[in-house]
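Next comes run.pdb, with PDB, C-alpha atoms.
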```pdb
ATOM      1  CA  MET A   1      39.311  -2.697  10.678
ATOM      2  CA  ALA A   2      37.727  -5.394   8.562
ATOM      3  CA  SER A   3      38.679  -8.343  10.743
ATOM      4  CA  GLY A   4      38.824 -11.942   9.566
ATOM      5  CA  PRO A   5      38.594 -15.407  11.161
ATOM      6  CA  LYS A   6      42.252 -15.659  12.264
ATOM      7  CA  VAL A   7      42.961 -14.114  15.670
ATOM      8  CA  GLU A   8      46.710 -13.839  15.043
ATOM      9  CA  GLY A   9      46.237 -11.917  11.817
ATOM     10  CA  ASN A  10      43.732  -9.540  13.381
ATOM     11  CA  LEU A  11      46.016  -8.869  16.340
ATOM     12  CA  SER A  12      48.869  -8.153  13.946
ATOM     13  CA  GLU A  13      46.753  -5.593  12.096
ATOM     14  CA  ALA A  14      45.522  -4.070  15.347
ATOM     15  CA  ARG A  15      49.130  -3.805  16.539
ATOM     16  CA  ARG A  16      50.034  -1.817  13.421
ATOM     17  CA  LEU A  17      47.047   0.499  13.737
ATOM     18  CA  ILE A  18      47.541   1.110  17.469
ATOM     19  CA  ALA A  19      51.185   2.043  16.829
ATOM     20  CA  ASN A  20      50.038   4.376  14.045
ATOM     21  CA  ALA A  21      47.561   6.093  16.375
ATOM     22  CA  ALA A  22      50.125   6.391  19.172
ATOM     23  CA  GLU A  23      52.662   7.915  16.779
ATOM     24  CA  GLN A  24      50.071  10.593  15.976
ATOM     25  CA  GLY A  25      49.710  11.401  19.665
ATOM     26  CA  ALA A  26      46.661   9.351  20.622
ATOM     27  CA  LYS A  27      46.304   8.740  24.361
ATOM     28  CA  LEU A  28      42.943   6.956  24.205
ATOM     29  CA  VAL A  29      42.519   4.267  21.534
ATOM     30  CA  VAL A  30      39.259   2.435  20.785
ATOM     31  CA  LEU A  31      39.099  -0.757  18.699
ATOM     32  CA  PRO A  32      36.026  -2.110  16.847
ATOM     33  CA  GLU A  33      33.615  -4.736  18.149
ATOM     34  CA  PHE A  34      35.196  -8.211  18.063
ATOM     35  CA  PHE A  35      38.351  -6.701  16.554
ATOM     36  CA  ALA A  36      40.206 -10.001  17.077
ATOM     37  CA  ILE A  37      37.673 -12.340  15.472
ATOM     38  CA  MET A  38      35.063 -12.001  12.739
ATOM     39  CA  GLY A  39      34.578 -15.665  11.983
ATOM     40  CA  MET A  40      33.191 -17.727   9.148
ATOM     41  CA  ASN A  41      30.174 -18.520  11.314
ATOM     42  CA  GLU A  42      28.750 -17.435  14.657
ATOM     43  CA  GLN A  43      30.329 -20.345  16.535
ATOM     44  CA  ASP A  44      33.892 -19.318  15.625
ATOM     45  CA  LYS A  45      33.978 -16.665  18.349
ATOM     46  CA  VAL A  46      32.890 -19.267  20.909
ATOM     47  CA  LYS A  47      35.949 -21.375  20.033
ATOM     48  CA  VAL A  48      38.342 -18.532  20.898
ATOM     49  CA  ARG A  49      36.532 -17.168  23.958
ATOM     50  CA  GLU A  50      38.755 -16.348  26.906
ATOM     51  CA  GLN A  51      38.428 -16.589  30.652
ATOM     52  CA  PRO A  52      38.484 -13.196  32.392
ATOM     53  CA  GLY A  53      42.031 -12.039  33.004
ATOM     54  CA  GLN A  54      43.764 -14.546  30.752
ATOM     55  CA  GLY A  55      44.213 -15.334  27.089
ATOM     56  CA  PRO A  56      46.054 -13.955  24.038
ATOM     57  CA  ILE A  57      43.546 -11.202  23.204
ATOM     58  CA  GLN A  58      43.500  -9.753  26.710
ATOM     59  CA  GLY A  59      47.271 -10.175  26.926
ATOM     60  CA  PHE A  60      47.635  -8.286  23.664
ATOM     61  CA  MET A  61      45.482  -5.398  24.865
ATOM     62  CA  SER A  62      47.402  -5.105  28.111
ATOM     63  CA  GLU A  63      50.735  -5.222  26.292
ATOM     64  CA  MET A  64      49.726  -2.564  23.750
ATOM     65  CA  ALA A  65      48.392  -0.219  26.433
ATOM     66  CA  ARG A  66      51.567  -0.562  28.474
ATOM     67  CA  LYS A  67      53.942  -0.330  25.518
ATOM     68  CA  HIS A  68      52.385   2.831  24.053
ATOM     69  CA  LYS A  69      51.309   4.325  27.404
ATOM     70  CA  ILE A  70      47.719   4.657  26.208
ATOM     71  CA  TRP A  71      44.266   3.794  27.460
ATOM     72  CA  LEU A  72      42.991   1.004  25.198
ATOM     73  CA  ILE A  73      39.379  -0.110  24.755
ATOM     74  CA  GLY A  74      37.910  -2.912  22.657
ATOM     75  CA  SER A  75      35.352  -5.721  22.682
ATOM     76  CA  LEU A  76      36.144  -9.432  22.681
ATOM     77  CA  PRO A  77      34.451 -12.771  23.450
ATOM     78  CA  LEU A  78      34.736 -13.849  27.099
ATOM     79  CA  ALA A  79      33.455 -17.081  28.602
ATOM     80  CA  ALA A  80      29.739 -17.194  29.441
ATOM     81  CA  SER A  81      27.824 -19.425  31.844
ATOM     82  CA  SER A  82      26.781 -21.561  28.870
ATOM     83  CA  PRO A  83      29.559 -23.548  27.086
ATOM     84  CA  ASP A  84      28.162 -22.669  23.640
ATOM     85  CA  LYS A  85      27.958 -18.905  24.219
ATOM     86  CA  VAL A  86      30.197 -15.921  24.880
ATOM     87  CA  ILE A  87      29.840 -12.582  26.614
ATOM     88  CA  ASN A  88      30.614  -9.632  24.352
ATOM     89  CA  SER A  89      32.798  -7.735  26.804
ATOM     90  CA  CYS A  90      34.175  -4.239  26.280
ATOM     91  CA  LEU A  91      37.403  -4.023  28.288
ATOM     92  CA  VAL A  92      39.328  -0.923  29.307
ATOM     93  CA  PHE A  93      43.079  -1.010  29.973
ATOM     94  CA  ASP A  94      44.995   1.926  31.423
ATOM     95  CA  GLU A  95      48.470   3.146  30.435
ATOM     96  CA  ALA A  96      50.091   0.671  32.849
ATOM     97  CA  GLY A  97      48.360  -2.244  31.105
ATOM     98  CA  ALA A  98      45.920  -2.885  33.959
ATOM     99  CA  GLN A  99      42.290  -3.686  33.230
ATOM    100  CA  VAL A 100      40.255  -0.972  34.941
ATOM    101  CA  ALA A 101      36.722  -1.611  33.627
ATOM    102  CA  ARG A 102      34.532  -4.192  31.921
ATOM    103  CA  TYR A 103      31.163  -3.694  30.267
ATOM    104  CA  ASP A 104      29.124  -6.643  28.992
ATOM    105  CA  LYS A 105      26.950  -5.781  25.997
ATOM    106  CA  ILE A 106      23.356  -5.479  27.166
ATOM    107  CA  HIS A 107      21.340  -5.308  23.933
ATOM    108  CA  LEU A 108      21.659  -8.231  21.520
ATOM    109  CA  PHE A 109      21.125  -7.668  17.796
ATOM    110  CA  ASN A 110      18.345  -9.502  15.982
ATOM    111  CA  LEU A 111      17.531  -8.853  12.321
ATOM    112  CA  THR A 112      15.515 -10.703   9.707
ATOM    113  CA  LEU A 113      15.501  -8.702   6.492
ATOM    114  CA  GLY A 114      15.489 -10.348   3.088
ATOM    115  CA  ASN A 115      18.394 -12.803   2.972
ATOM    116  CA  GLU A 116      20.034 -11.363   6.079
ATOM    117  CA  HIS A 117      19.483 -13.088   9.408
ATOM    118  CA  TYR A 118      21.209 -12.250  12.673
ATOM    119  CA  ASN A 119      20.365 -13.498  16.144
ATOM    120  CA  GLU A 120      23.107 -12.651  18.600
ATOM    121  CA  ALA A 121      21.228 -14.259  21.491
ATOM    122  CA  SER A 122      21.973 -17.674  19.976
ATOM    123  CA  THR A 123      25.693 -17.315  20.778
ATOM    124  CA  ILE A 124      25.921 -14.328  23.154
ATOM    125  CA  GLU A 125      24.842 -13.949  26.760
ATOM    126  CA  ALA A 126      23.602 -10.447  27.584
ATOM    127  CA  GLY A 127      25.000  -8.224  30.288
ATOM    128  CA  ASN A 128      22.864  -6.169  32.655
ATOM    129  CA  LYS A 129      24.986  -3.366  34.125
ATOM    130  CA  VAL A 130      25.658   0.184  32.948
ATOM    131  CA  VAL A 131      29.376   0.967  33.222
ATOM    132  CA  VAL A 132      31.134   4.322  33.430
ATOM    133  CA  VAL A 133      34.844   4.644  34.207
ATOM    134  CA  ASP A 134      36.852   7.647  35.398
ATOM    135  CA  SER A 135      39.907   8.397  33.282
ATOM    136  CA  PRO A 136      42.456  11.185  32.687
ATOM    137  CA  PHE A 137      40.223  12.264  29.781
ATOM    138  CA  GLY A 138      37.009  12.486  31.803
ATOM    139  CA  ARG A 139      34.229  10.037  32.583
ATOM    140  CA  ILE A 140      33.910   7.400  29.863
ATOM    141  CA  GLY A 141      30.631   5.571  29.228
ATOM    142  CA  LEU A 142      30.905   2.124  27.638
ATOM    143  CA  ALA A 143      28.550   0.729  24.993
ATOM    144  CA  VAL A 144      28.762  -1.754  22.108
ATOM    145  CA  CYS A 145      27.181  -1.577  18.631
ATOM    146  CA  TYR A 146      23.435  -2.398  18.918
ATOM    147  CA  ASP A 147      23.346  -0.525  22.250
ATOM    148  CA  LEU A 148      23.430   2.614  20.094
ATOM    149  CA  ARG A 149      19.701   2.220  19.384
ATOM    150  CA  PHE A 150      18.704   2.491  23.043
ATOM    151  CA  PRO A 151      19.057   6.092  24.274
ATOM    152  CA  GLU A 152      17.954   5.171  27.792
ATOM    153  CA  LEU A 153      21.272   3.341  28.273
ATOM    154  CA  PHE A 154      23.203   6.540  27.665
ATOM    155  CA  ARG A 155      20.883   8.566  29.891
ATOM    156  CA  ALA A 156      21.562   6.033  32.654
ATOM    157  CA  MET A 157      25.283   6.811  32.388
ATOM    158  CA  LYS A 158      24.511  10.179  33.998
ATOM    159  CA  ASP A 159      27.338  12.682  33.558
ATOM    160  CA  VAL A 160      29.738  11.324  30.926
ATOM    161  CA  ASN A 161      32.310  13.242  28.912
ATOM    162  CA  ILE A 162      33.082  10.556  26.343
ATOM    163  CA  ILE A 163      31.018   7.655  25.024
ATOM    164  CA  VAL A 164      32.918   4.820  23.349
ATOM    165  CA  LEU A 165      31.162   2.464  20.969
ATOM    166  CA  PRO A 166      33.055  -0.506  19.492
ATOM    167  CA  SER A 167      30.806  -1.622  16.621
ATOM    168  CA  ALA A 168      30.221  -3.908  13.654
ATOM    169  CA  PHE A 169      27.083  -2.382  12.114
ATOM    170  CA  THR A 170      25.749  -4.230   9.089
ATOM    171  CA  ALA A 171      25.983  -2.463   5.741
ATOM    172  CA  THR A 172      22.208  -2.751   5.333
ATOM    173  CA  THR A 173      21.243  -0.934   8.543
ATOM    174  CA  GLY A 174      24.295   1.297   8.643
ATOM    175  CA  LYS A 175      23.606   3.084   5.353
ATOM    176  CA  VAL A 176      20.633   4.923   6.829
ATOM    177  CA  HIS A 177      20.904   4.551  10.598
ATOM    178  CA  TRP A 178      24.558   4.696  11.678
ATOM    179  CA  GLU A 179      25.477   8.358  11.321
ATOM    180  CA  PRO A 180      22.169   9.796  12.600
ATOM    181  CA  LEU A 181      22.261   7.542  15.669
ATOM    182  CA  VAL A 182      25.907   8.268  16.529
ATOM    183  CA  ARG A 183      25.407  12.011  16.163
ATOM    184  CA  ALA A 184      22.138  11.900  18.126
ATOM    185  CA  ARG A 185      23.831  10.206  21.097
ATOM    186  CA  ALA A 186      26.495  12.931  21.046
ATOM    187  CA  ILE A 187      23.987  15.770  20.789
ATOM    188  CA  GLU A 188      21.499  14.613  23.408
ATOM    189  CA  ASN A 189      24.227  13.870  25.953
ATOM    190  CA  LEU A 190      26.510  16.778  24.962
ATOM    191  CA  SER A 191      29.243  14.168  24.902
ATOM    192  CA  TYR A 192      32.072  13.164  22.619
ATOM    193  CA  VAL A 193      31.357   9.847  20.889
ATOM    194  CA  ILE A 194      34.129   7.570  19.638
ATOM    195  CA  ALA A 195      32.458   5.055  17.324
ATOM    196  CA  ALA A 196      35.054   2.506  16.176
ATOM    197  CA  ALA A 197      33.513   0.277  13.525
ATOM    198  CA  GLN A 198      34.267  -2.802  11.492
ATOM    199  CA  GLY A 199      34.101  -1.665   7.882
ATOM    200  CA  GLY A 200      34.289  -3.614   4.647
ATOM    201  CA  TYR A 201      33.891  -7.113   3.239
ATOM    202  CA  HIS A 202      34.801 -10.000   5.527
ATOM    203  CA  VAL A 203      36.031 -13.462   4.557
ATOM    204  CA  SER A 204      32.702 -14.944   5.639
ATOM    205  CA  GLY A 205      30.888 -12.828   3.036
ATOM    206  CA  ARG A 206      29.477 -10.429   5.611
ATOM    207  CA  GLU A 207      29.657  -6.726   4.831
ATOM    208  CA  THR A 208      29.944  -4.146   7.606
ATOM    209  CA  HIS A 209      29.154  -0.467   7.217
ATOM    210  CA  GLY A 210      32.313   1.097   8.630
ATOM    211  CA  HIS A 211      32.359   4.882   8.901
ATOM    212  CA  THR A 212      34.391   4.922  12.070
ATOM    213  CA  MET A 213      34.031   8.425  13.444
ATOM    214  CA  VAL A 214      34.656  10.772  16.329
ATOM    215  CA  VAL A 215      31.788  13.185  16.973
ATOM    216  CA  ASP A 216      31.973  16.240  19.213
ATOM    217  CA  PRO A 217      29.329  17.244  21.804
ATOM    218  CA  TRP A 218      27.624  19.545  19.284
ATOM    219  CA  GLY A 219      27.155  16.658  16.850
ATOM    220  CA  ARG A 220      29.931  17.578  14.434
ATOM    221  CA  ILE A 221      31.935  14.770  12.839
ATOM    222  CA  MET A 222      35.565  15.550  13.671
ATOM    223  CA  ASP A 223      37.155  12.715  11.708
ATOM    224  CA  GLU A 224      35.827   9.725   9.784
ATOM    225  CA  LEU A 225      37.048   6.652   7.891
ATOM    226  CA  PRO A 226      34.482   5.158   5.469
ATOM    227  CA  ARG A 227      35.936   1.659   5.020
ATOM    228  CA  GLY A 228      38.928  -0.592   5.573
ATOM    229  CA  SER A 229      41.871  -0.417   7.947
ATOM    230  CA  GLY A 230      42.964   2.925   9.292
ATOM    231  CA  VAL A 231      42.938   5.413  12.112
ATOM    232  CA  VAL A 232      40.774   8.422  12.882
ATOM    233  CA  ILE A 233      42.189  11.071  15.209
ATOM    234  CA  ALA A 234      40.485  13.895  17.096
ATOM    235  CA  GLU A 235      41.188  16.016  20.134
ATOM    236  CA  VAL A 236      38.901  16.104  23.152
ATOM    237  CA  ASN A 237      38.523  19.635  24.513
ATOM    238  CA  PRO A 238      37.042  19.693  28.052
ATOM    239  CA  GLY A 239      36.761  23.502  28.022
ATOM    240  CA  TYR A 240      34.721  23.457  24.818
ATOM    241  CA  GLN A 241      32.467  20.747  26.196
ATOM    242  CA  ALA A 242      31.952  22.674  29.446
ATOM    243  CA  SER A 243      31.079  25.857  27.541
ATOM    244  CA  LEU A 244      28.457  24.004  25.479
ATOM    245  CA  ARG A 245      26.891  22.503  28.584
ATOM    246  CA  ASN A 246      26.850  25.920  30.213
ATOM    247  CA  SER A 247      25.270  27.566  27.169
ATOM    248  CA  LEU A 248      22.713  24.780  26.645
ATOM    249  CA  PRO A 249      22.093  23.159  30.075
ATOM    250  CA  VAL A 250      19.888  20.446  28.615
ATOM    251  CA  LEU A 251      21.314  17.803  30.961
ATOM    252  CA  SER A 252      19.890  19.645  33.965
ATOM    253  CA  HIS A 253      16.485  20.013  32.303
ATOM    254  CA  ARG A 254      15.527  16.350  32.475
ATOM    255  CA  THR A 255      12.127  15.768  34.038
ATOM    256  CA  LEU A 256      11.640  12.058  33.322
ATOM    257  CA  SER A 257      13.857   9.403  34.856
ATOM    258  CA  CYS A 258      14.947   6.304  32.978
ATOM    259  CA  ASN A 259      14.740   2.991  34.797
ATOM    260  CA  THR A 260      17.337   0.402  33.841
TER
END
```

What does the file become when written as structure tokens?
Amino acid sequence: MASGPKVEGNLSEARRLIANAAEQGAKLVVLPEFFAIMGMNEQDKVKVREQPGQGPIQGFMSEMARKHKIWLIGSLPLAASSPDKVINSCLVFDEAGAQVARYDKIHLFNLTLGNEHYNEASTIEAGNKVVVVDSPFGRIGLAVCYDLRFPELFRAMKDVNIIVLPSAFTATTGKVHWEPLVRARAIENLSYVIAAAQGGYHVSGRETHGHTMVVDPWGRIMDELPRGSGVVIAEVNPGYQASLRNSLPVLSHRTLSCNT
């Protein structure tokens, strides 16, 4: 997606894309970071933040999961302890529309490069817990965007089959860093990675890198969408993943522990 400042319009587009994915047989659908709001300024997301368990964005996700009988994952702004901040929460809904997991983004993006300035800590409150959820597709590890740069987070997930990564990488950093980082997380964890990204020009003037992709445990890109609205589809093969882990038992060769 290339979301804009109007929640209703973004939900309408997400509804179309989710239906498209479901029609193609998708059972697990991942939406980009802040799929429902990419505002004109950083405070716009604070204005539409929701209390846990209530609000139009969470209601939408529950409805879509239930309607299409899918597991649905995406990040949205939830209320923080401070009235002028949000928590960037990645929520997981099962096929019955029930919320079964919540991960609060731990690492907050900060960039000063030329004319670009980002400081997520000014409007976002960081989380502090690693979250993995059991699903019909295997164990799913949850991460959001900037988390991608911190491999110790993924190591702390222990044995995961799928890593999901709702993202909104900037065009500047994404050109060089996005693909190598996504593929590296897949390779080093022998895990599938579903990296759902904002991609394109936004009404605010911001440009996001896009390149939504699904990567297999060997690091191969299975499907990719460079920019704009659309769906990428790939099949998770537990047998293939198990054979790779048996052939290259790197996960059992760890000698250093990661403290989180």

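Across A:Val86, A:Asp104, A:Met40, A:Pro32, the tightest approach to Met213 of chain A is made by A:Pro32 when counting all atoms listed in the file.
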
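Residue nearest Val29 of chain A within the list A:Phe93, A:Trp178, A:Tyr146, A:Tyr240: A:Phe93 [criterion: smallest interatomic distance, all atoms listed in the file].
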
Work out how far apart atom CA of Gly55 of chain A and atom CA of Ala79 of chain A are and give it in Å to one decimal. 11.0 Å

For segment 30-145 of chain A against segment 3-22 of chain A, with a cut-off of 6 Å and counting only C-alpha atoms, what is the closest atom pair and its distance in Å to one decimal for every residue that makes the cut, ordered by chain and number, as a Markdown table?
```
| residue | atom | partner | partner_atom | distance |
| --- | --- | --- | --- | --- |
| A:Ala36 | CA | A:Asn10 | CA | 5.1 |
| A:Ile37 | CA | A:Pro5 | CA | 5.4 |
| A:Met38 | CA | A:Gly4 | CA | 4.9 |
| A:Gly39 | CA | A:Pro5 | CA | 4.1 |
```

Generate the output file for the selected residues, C-alpha atoms, as a compact mmCIF listing (two decimals), in the frame of the given file.
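That gives us part22.txt:
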```
# COMPACT_ATOMS: atom_id res chain seq x y z
CA ALA A 36 40.21 -10.00 17.08
CA ILE A 37 37.67 -12.34 15.47
CA MET A 38 35.06 -12.00 12.74
CA GLY A 39 34.58 -15.66 11.98
```

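In terms of minimum interatomic distance to Ile106 of chain A, A:Arg149 ranks closest within A:Arg149, A:His68, A:Lys47, A:Arg254, counting all atoms listed in the file.
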
Would you fill out segment 112-133 of chain A with N, CA, C and O atoms and return it as an mmCIF file, keeping the file's coordinate frame?
```
data_model
loop_
_atom_site.group_PDB
_atom_site.id
_atom_site.type_symbol
_atom_site.label_atom_id
_atom_site.label_comp_id
_atom_site.auth_asym_id
_atom_site.auth_seq_id
_atom_site.Cartn_x
_atom_site.Cartn_y
_atom_site.Cartn_z
ATOM 1 N N THR A 112 15.948 -9.847 10.801
ATOM 2 C CA THR A 112 15.515 -10.703 9.707
ATOM 3 C C THR A 112 15.017 -9.782 8.608
ATOM 4 O O THR A 112 13.933 -9.191 8.710
ATOM 5 N N LEU A 113 15.820 -9.647 7.559
ATOM 6 C CA LEU A 113 15.501 -8.702 6.492
ATOM 7 C C LEU A 113 16.000 -9.279 5.171
ATOM 8 O O LEU A 113 17.217 -9.333 4.937
ATOM 9 N N GLY A 114 15.084 -9.722 4.342
ATOM 10 C CA GLY A 114 15.489 -10.348 3.088
ATOM 11 C C GLY A 114 16.309 -11.602 3.355
ATOM 12 O O GLY A 114 15.878 -12.501 4.084
ATOM 13 N N ASN A 115 17.526 -11.644 2.785
ATOM 14 C CA ASN A 115 18.394 -12.803 2.972
ATOM 15 C C ASN A 115 19.295 -12.680 4.196
ATOM 16 O O ASN A 115 20.086 -13.586 4.468
ATOM 17 N N GLU A 116 19.185 -11.567 4.907
ATOM 18 C CA GLU A 116 20.034 -11.363 6.079
ATOM 19 C C GLU A 116 19.321 -11.806 7.354
ATOM 20 O O GLU A 116 18.176 -11.426 7.605
ATOM 21 N N HIS A 117 20.026 -12.599 8.141
ATOM 22 C CA HIS A 117 19.483 -13.088 9.408
ATOM 23 C C HIS A 117 20.568 -13.019 10.472
ATOM 24 O O HIS A 117 21.649 -13.594 10.307
ATOM 25 N N TYR A 118 20.285 -12.329 11.548
ATOM 26 C CA TYR A 118 21.209 -12.250 12.673
ATOM 27 C C TYR A 118 20.418 -12.470 13.960
ATOM 28 O O TYR A 118 19.322 -11.920 14.128
ATOM 29 N N ASN A 119 20.981 -13.272 14.840
ATOM 30 C CA ASN A 119 20.365 -13.498 16.144
ATOM 31 C C ASN A 119 21.480 -13.693 17.167
ATOM 32 O O ASN A 119 21.899 -14.813 17.447
ATOM 33 N N GLU A 120 21.960 -12.576 17.695
ATOM 34 C CA GLU A 120 23.107 -12.651 18.600
ATOM 35 C C GLU A 120 22.817 -13.468 19.860
ATOM 36 O O GLU A 120 23.730 -14.052 20.441
ATOM 37 N N ALA A 121 21.572 -13.527 20.272
ATOM 38 C CA ALA A 121 21.228 -14.259 21.491
ATOM 39 C C ALA A 121 21.528 -15.759 21.374
ATOM 40 O O ALA A 121 21.645 -16.456 22.385
ATOM 41 N N SER A 122 21.683 -16.250 20.151
ATOM 42 C CA SER A 122 21.973 -17.674 19.976
ATOM 43 C C SER A 122 23.394 -18.026 20.404
ATOM 44 O O SER A 122 23.675 -19.182 20.734
ATOM 45 N N THR A 123 24.301 -17.036 20.400
ATOM 46 C CA THR A 123 25.693 -17.315 20.778
ATOM 47 C C THR A 123 26.249 -16.326 21.812
ATOM 48 O O THR A 123 27.397 -16.453 22.217
ATOM 49 N N ILE A 124 25.438 -15.345 22.217
ATOM 50 C CA ILE A 124 25.921 -14.328 23.154
ATOM 51 C C ILE A 124 24.981 -14.227 24.355
ATOM 52 O O ILE A 124 23.763 -14.244 24.208
ATOM 53 N N GLU A 125 25.586 -14.137 25.512
ATOM 54 C CA GLU A 125 24.842 -13.949 26.760
ATOM 55 C C GLU A 125 24.857 -12.471 27.107
ATOM 56 O O GLU A 125 25.921 -11.850 27.148
ATOM 57 N N ALA A 126 23.701 -11.892 27.363
ATOM 58 C CA ALA A 126 23.602 -10.447 27.584
ATOM 59 C C ALA A 126 24.086 -10.027 28.962
ATOM 60 O O ALA A 126 23.942 -10.762 29.938
ATOM 61 N N GLY A 127 24.642 -8.827 29.018
ATOM 62 C CA GLY A 127 25.000 -8.224 30.288
ATOM 63 C C GLY A 127 23.816 -7.469 30.853
ATOM 64 O O GLY A 127 22.742 -7.402 30.235
ATOM 65 N N ASN A 128 23.996 -6.874 32.035
ATOM 66 C CA ASN A 128 22.864 -6.169 32.655
ATOM 67 C C ASN A 128 23.283 -4.949 33.480
ATOM 68 O O ASN A 128 22.485 -4.429 34.246
ATOM 69 N N LYS A 129 24.517 -4.486 33.319
ATOM 70 C CA LYS A 129 24.986 -3.366 34.125
ATOM 71 C C LYS A 129 25.515 -2.229 33.256
ATOM 72 O O LYS A 129 26.288 -2.461 32.316
ATOM 73 N N VAL A 130 25.110 -1.014 33.583
ATOM 74 C CA VAL A 130 25.658 0.184 32.948
ATOM 75 C C VAL A 130 27.029 0.454 33.570
ATOM 76 O O VAL A 130 27.189 0.373 34.785
ATOM 77 N N VAL A 131 28.013 0.770 32.718
ATOM 78 C CA VAL A 131 29.376 0.967 33.222
ATOM 79 C C VAL A 131 29.943 2.298 32.741
ATOM 80 O O VAL A 131 29.932 2.599 31.551
ATOM 81 N N VAL A 132 30.430 3.068 33.697
ATOM 82 C CA VAL A 132 31.134 4.322 33.430
ATOM 83 C C VAL A 132 32.442 4.267 34.196
ATOM 84 O O VAL A 132 32.478 3.813 35.345
ATOM 85 N N VAL A 133 33.532 4.705 33.569
ATOM 86 C CA VAL A 133 34.844 4.644 34.207
ATOM 87 C C VAL A 133 35.503 6.020 34.196
ATOM 88 O O VAL A 133 35.445 6.744 33.192
#
```
